[in-house]
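> Dropping in my_file_10.csv, with CSV, C-alpha atoms.
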chain,number,residue,atom,x,y,z
P,29,GLN,CA,-34.3,-2.8,-5.0
P,30,ASP,CA,-33.4,-3.7,-8.5
P,31,LYS,CA,-33.5,-0.6,-10.7
P,32,GLY,CA,-31.8,-2.4,-13.6
P,33,TRP,CA,-28.6,-0.4,-13.2
P,34,GLN,CA,-25.2,-1.8,-13.8
P,35,VAL,CA,-23.1,-1.7,-10.6
P,36,ARG,CA,-19.5,-2.6,-10.0
P,37,THR,CA,-17.7,-2.5,-6.7
P,38,ALA,CA,-14.1,-2.8,-5.4
P,39,GLU,CA,-12.8,-2.8,-1.9
P,40,THR,CA,-9.4,-2.6,-0.2
P,41,ILE,CA,-10.1,-4.5,3.0
P,42,GLY,CA,-6.8,-6.3,3.8
P,43,MET,CA,-5.3,-3.4,5.8
P,44,ALA,CA,-8.4,-3.1,8.0
P,45,GLN,CA,-7.2,-6.2,9.8
P,46,ARG,CA,-4.1,-4.3,10.8
P,47,GLY,CA,-5.7,-1.1,11.7
P,48,GLY,CA,-5.5,0.5,8.2
P,49,ASN,CA,-8.1,2.3,6.3
P,50,VAL,CA,-10.7,0.7,4.0
P,51,VAL,CA,-11.8,2.3,0.7
P,52,SER,CA,-14.7,0.9,-1.3
P,53,HIS,CA,-15.5,2.1,-4.8
P,54,VAL,CA,-19.0,1.8,-6.2
P,55,ARG,CA,-19.8,2.7,-9.7
P,56,MET,CA,-23.4,2.8,-10.8
P,57,GLY,CA,-24.7,3.2,-14.4
P,58,ASP,CA,-28.0,4.9,-13.4
P,59,ALA,CA,-28.7,6.3,-16.9
P,60,GLY,CA,-28.6,2.9,-18.6
P,61,GLU,CA,-24.9,3.1,-19.5
P,62,GLU,CA,-22.6,0.1,-19.1
P,63,VAL,CA,-20.1,0.1,-16.2
P,64,PHE,CA,-16.9,-1.8,-17.2
P,65,ALA,CA,-14.6,-1.1,-14.2
P,66,PRO,CA,-15.2,-0.5,-10.5
P,67,LEU,CA,-12.4,1.9,-9.7
P,68,LEU,CA,-13.0,5.7,-9.8
P,69,ALA,CA,-10.5,8.2,-11.1
P,70,GLU,CA,-9.6,11.2,-9.0
P,71,GLY,CA,-12.0,14.1,-9.3
P,72,THR,CA,-14.9,11.9,-10.6
P,73,ALA,CA,-16.9,10.7,-7.5
P,74,ASP,CA,-20.4,12.2,-7.3
P,75,LEU,CA,-20.6,11.0,-3.7
P,76,VAL,CA,-18.0,10.3,-1.0
P,77,ILE,CA,-19.1,8.9,2.4
P,78,ALA,CA,-16.5,8.7,5.2
P,79,PHE,CA,-16.9,7.1,8.6
P,80,GLU,CA,-14.2,9.5,10.1
P,81,PRO,CA,-13.0,13.0,9.3
P,82,ALA,CA,-9.4,12.1,8.6
P,83,GLU,CA,-10.6,9.4,6.2
P,84,ALA,CA,-12.7,12.0,4.5
P,85,ALA,CA,-9.7,14.2,4.1
P,86,ARG,CA,-7.6,11.3,2.8
P,87,VAL,CA,-10.1,10.5,-0.1
P,88,LEU,CA,-11.0,14.1,-0.9
P,89,PRO,CA,-9.1,14.0,-4.2
P,90,PHE,CA,-11.7,11.5,-5.5
P,91,LEU,CA,-14.6,14.0,-5.1
P,92,ALA,CA,-15.9,15.6,-8.3
P,93,PRO,CA,-16.0,19.4,-8.4
P,94,ASP,CA,-19.7,19.3,-8.0
P,95,GLY,CA,-19.8,16.2,-5.7
P,96,LEU,CA,-21.1,15.6,-2.2
P,97,LEU,CA,-19.0,14.7,0.7
P,98,VAL,CA,-20.7,13.2,3.8
P,99,THR,CA,-18.7,12.4,6.9
P,100,ALA,CA,-19.2,11.4,10.5
P,101,THR,CA,-17.8,14.1,12.9
P,102,THR,CA,-16.3,11.7,15.5
P,103,ALA,CA,-12.6,11.4,15.3
P,104,ILE,CA,-11.0,8.0,15.7
P,105,GLN,CA,-7.4,8.6,16.5
P,106,PRO,CA,-5.0,6.5,14.4
P,107,VAL,CA,-2.4,4.6,16.4
P,108,THR,CA,0.3,6.6,14.5
P,109,ALA,CA,-1.3,10.0,15.1
P,110,ALA,CA,0.0,12.7,17.5
P,111,LEU,CA,-2.2,13.4,20.5
P,112,SER,CA,-3.2,16.7,19.0
P,113,TYR,CA,-5.5,15.1,16.4
P,114,ARG,CA,-8.9,16.7,16.6
P,115,ALA,CA,-11.9,16.2,14.3
P,116,ASP,CA,-12.8,19.8,14.3
P,117,ASN,CA,-9.4,20.8,12.9
P,118,VAL,CA,-9.8,18.2,10.1
P,119,LEU,CA,-13.4,19.2,9.4
P,120,ALA,CA,-12.4,22.9,9.1
P,121,SER,CA,-9.5,21.9,6.7
P,122,ILE,CA,-12.0,20.0,4.5
P,123,GLU,CA,-14.3,23.0,4.4
P,124,ARG,CA,-11.4,25.2,3.4
P,125,SER,CA,-10.4,22.7,0.7
P,126,LEU,CA,-13.9,22.6,-0.8
P,127,ALA,CA,-14.6,26.4,-0.6
P,128,GLY,CA,-15.4,27.7,-4.0
P,129,THR,CA,-15.4,24.3,-5.7
P,130,GLY,CA,-19.2,23.8,-6.0
P,131,ALA,CA,-18.9,20.6,-4.0
P,132,ARG,CA,-21.2,20.1,-1.0
P,133,PHE,CA,-20.1,19.0,2.4
P,134,VAL,CA,-22.3,17.4,5.1
P,135,ALA,CA,-20.8,16.8,8.5
P,136,VAL,CA,-23.0,14.3,10.3
P,137,ASP,CA,-23.3,14.3,14.1
P,138,ASP,CA,-22.9,10.5,14.2
P,139,VAL,CA,-22.8,10.3,18.0
P,140,ALA,CA,-26.2,12.0,18.4
P,141,LEU,CA,-27.8,9.9,15.7
P,142,THR,CA,-26.4,6.5,16.7
P,143,ASP,CA,-27.1,7.3,20.4
P,144,ALA,CA,-30.7,8.2,19.5
P,145,VAL,CA,-31.1,4.7,17.9
P,146,GLY,CA,-29.2,3.0,20.6
P,147,SER,CA,-26.4,1.4,18.6
P,148,ARG,CA,-23.1,2.5,17.0
P,149,LYS,CA,-23.5,-0.4,14.6
P,150,VAL,CA,-25.9,1.6,12.4
P,151,LEU,CA,-23.3,4.2,11.5
P,152,ASN,CA,-23.3,2.9,7.9
P,153,SER,CA,-27.0,3.4,7.6
P,154,VAL,CA,-26.8,6.8,9.2
P,155,LEU,CA,-24.2,8.0,6.8
P,156,LEU,CA,-25.9,6.5,3.7
P,157,ALA,CA,-29.2,8.0,4.7
P,158,SER,CA,-27.6,11.4,5.3
P,159,ALA,CA,-26.1,11.2,1.8
P,160,LEU,CA,-29.3,10.1,0.1
P,161,LYS,CA,-31.3,12.8,1.9
P,162,GLU,CA,-29.1,15.4,0.0
P,163,GLY,CA,-30.5,14.1,-3.3
P,164,ARG,CA,-27.2,13.9,-5.1
P,165,ILE,CA,-27.8,10.4,-6.6
P,166,ALA,CA,-31.0,8.9,-8.0
P,167,LEU,CA,-31.8,6.9,-4.8
P,168,ASP,CA,-33.9,8.1,-1.9
P,169,LEU,CA,-34.6,7.0,1.7
P,170,ASP,CA,-37.5,4.8,0.6
P,171,ASP,CA,-35.1,3.0,-1.8
P,172,LEU,CA,-32.7,2.5,1.1
P,173,ARG,CA,-35.5,1.2,3.4
P,174,ARG,CA,-36.5,-1.4,0.7
P,175,ALA,CA,-32.9,-2.5,0.2
P,176,LEU,CA,-32.3,-2.9,3.9
P,177,GLU,CA,-35.5,-5.1,4.2
P,178,GLU,CA,-34.2,-7.2,1.3
P,179,CYS,CA,-30.5,-7.4,2.2
P,180,VAL,CA,-30.0,-7.1,5.9
P,181,LYS,CA,-30.5,-10.0,8.4
P,182,PRO,CA,-34.1,-9.8,9.7
P,183,ARG,CA,-32.9,-9.2,13.3
P,184,PHE,CA,-31.1,-6.0,12.3
P,185,VAL,CA,-33.7,-4.5,9.9
P,186,ASP,CA,-35.7,-2.6,12.6
P,187,LEU,CA,-32.5,-1.1,14.1
P,188,ASN,CA,-31.3,0.1,10.7
P,189,LEU,CA,-34.8,1.4,9.7
P,190,ALA,CA,-34.8,3.4,13.0
P,191,ALA,CA,-31.4,4.9,11.9
P,192,ILE,CA,-32.9,6.0,8.6
P,193,ASP,CA,-35.9,7.5,10.4
P,194,ALA,CA,-33.6,9.4,12.8
P,195,VAL,CA,-31.8,11.0,9.8
P,196,ALA,CA,-35.1,11.8,8.1
P,197,ALA,CA,-36.4,13.6,11.2
P,198,ARG,CA,-33.4,16.0,11.2
Take the structure in the file and write it out as C-alpha cells.

Amino acid sequence: QDKGWQVRTAETIGMAQRGGNVVSHVRMGDAGEEVFAPLLAEGTADLVIAFEPAEAARVLPFLAPDGLLVTATTAIQPVTAALSYRADNVLASIERSLAGTGARFVAVDDVALTDAVGSRKVLNSVLLASALKEGRIALDLDDLRRALEECVKPRFVDLNLAAIDAVAAR
C-alpha cells in the first residue's frame, strides 16, 4: 500500500550464492522526512528481523537501544560451525546482550507457524507479521495483507495470507 513514504533499500546478496549471509537495509521516512541513503548506522535500527538466531546475533549491533529484534528460533548450522552450535545457546546470548537496554526481543517459533501453514516458504511473511504485531513501526497486519495482495504472485497470496493469520492467532 502506498503511504507516500520515502523508502530506500540496499542488499548484500552476492555471498548468498556461496552460502554466506544476506543483509538487507530498509529505511523508511514515515514522518514525511526525506530518506537520502539506504544504509543504517550501527545502533539506529528500529526493527531487525532475522531468519536465524546466529544471524540475529551477527546484526545485533545495528539495533537501536529501544528497537525490536524478531528472529526465527530454528538454527541453520553454517558449514564452518562446530557441531556444538545450538540455537538455544545463541538465543540466550542475545537475551543477555539486550538485558537492560530497553530493546524488545521476540523469538518466533518458526517451525510451528510454517508447519501450521504447510510451507517453509512463508517464513518471511511469518517473521514480518510477527514484527508488525509488536507495533514498533507504523504498519500493521492489514497493511501487510494489502501489500501481499498487490505485490505477490497470485498463486502465492493465499499461502502468505494464511501465514499472517497464523501469527495473528498467536
> In Å, how far is it from CA of Thr142 in chain P to CA of Arg173 in chain P?
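So the two atoms, CA of Thr142 in chain P and CA of Arg173 in chain P, lie 17.0 Å apart.
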> So, with only C-alpha atoms as the atoms that count, which of P:Val145, P:Ala65, P:Ala103, P:Leu167 lies closest to Asp186 in chain P?
P:Val145
> Can you tell me, as a ChimeraX atom specification, what residues are no more than 10 Å from range 51-55 of chain P when counting all atoms listed in the file, ignoring any on the same chain fewer than 2 positions away?
/P:33-41,44,48-49,57-58,63-68,73-78,83,87
> Got time to write the residues from that selection, C-alpha atoms, as a PDB file, in the coordinates of the input?

ATOM      1  CA  TRP P  33     -28.600  -0.400 -13.200  1.00  0.00           C
ATOM      2  CA  GLN P  34     -25.200  -1.800 -13.800  1.00  0.00           C
ATOM      3  CA  VAL P  35     -23.100  -1.700 -10.600  1.00  0.00           C
ATOM      4  CA  ARG P  36     -19.500  -2.600 -10.000  1.00  0.00           C
ATOM      5  CA  THR P  37     -17.700  -2.500  -6.700  1.00  0.00           C
ATOM      6  CA  ALA P  38     -14.100  -2.800  -5.400  1.00  0.00           C
ATOM      7  CA  GLU P  39     -12.800  -2.800  -1.900  1.00  0.00           C
ATOM      8  CA  THR P  40      -9.400  -2.600  -0.200  1.00  0.00           C
ATOM      9  CA  ILE P  41     -10.100  -4.500   3.000  1.00  0.00           C
ATOM     10  CA  ALA P  44      -8.400  -3.100   8.000  1.00  0.00           C
ATOM     11  CA  GLY P  48      -5.500   0.500   8.200  1.00  0.00           C
ATOM     12  CA  ASN P  49      -8.100   2.300   6.300  1.00  0.00           C
ATOM     13  CA  GLY P  57     -24.700   3.200 -14.400  1.00  0.00           C
ATOM     14  CA  ASP P  58     -28.000   4.900 -13.400  1.00  0.00           C
ATOM     15  CA  VAL P  63     -20.100   0.100 -16.200  1.00  0.00           C
ATOM     16  CA  PHE P  64     -16.900  -1.800 -17.200  1.00  0.00           C
ATOM     17  CA  ALA P  65     -14.600  -1.100 -14.200  1.00  0.00           C
ATOM     18  CA  PRO P  66     -15.200  -0.500 -10.500  1.00  0.00           C
ATOM     19  CA  LEU P  67     -12.400   1.900  -9.700  1.00  0.00           C
ATOM     20  CA  LEU P  68     -13.000   5.700  -9.800  1.00  0.00           C
ATOM     21  CA  ALA P  73     -16.900  10.700  -7.500  1.00  0.00           C
ATOM     22  CA  ASP P  74     -20.400  12.200  -7.300  1.00  0.00           C
ATOM     23  CA  LEU P  75     -20.600  11.000  -3.700  1.00  0.00           C
ATOM     24  CA  VAL P  76     -18.000  10.300  -1.000  1.00  0.00           C
ATOM     25  CA  ILE P  77     -19.100   8.900   2.400  1.00  0.00           C
ATOM     26  CA  ALA P  78     -16.500   8.700   5.200  1.00  0.00           C
ATOM     27  CA  GLU P  83     -10.600   9.400   6.200  1.00  0.00           C
ATOM     28  CA  VAL P  87     -10.100  10.500  -0.100  1.00  0.00           C
TER      29      VAL P  87
END
> Could you check the closest approach to Asp171 in chain P for each of P:Leu156, P:Arg183, P:Leu96, P:Ala140 and tell me which residue wins, using all atoms listed in the file?
P:Leu156
> Just how far from CA of Ala59 in chain P is CA of Ile165 in chain P, in Å to one decimal?
11.1 Å
> How far is it from CA of Phe184 in chain P to CA of Asp138 in chain P, in Å with one decimal?
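Separation between CA of Phe184 in chain P and CA of Asp138 in chain P: 18.5 Å.
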> What's the 8 Å shell around range 126-130 of chain P, counting only C-alpha atoms, without same-chain residues fewer than 4 positions away, as a PyMOL selection string?
chain P and resi 93-95+122
> Would you please work out which residue, of P:Pro182, P:Phe79, P:Leu176, P:Ser125, is nearest to Ser158 in chain P when using only C-alpha atoms?
P:Phe79
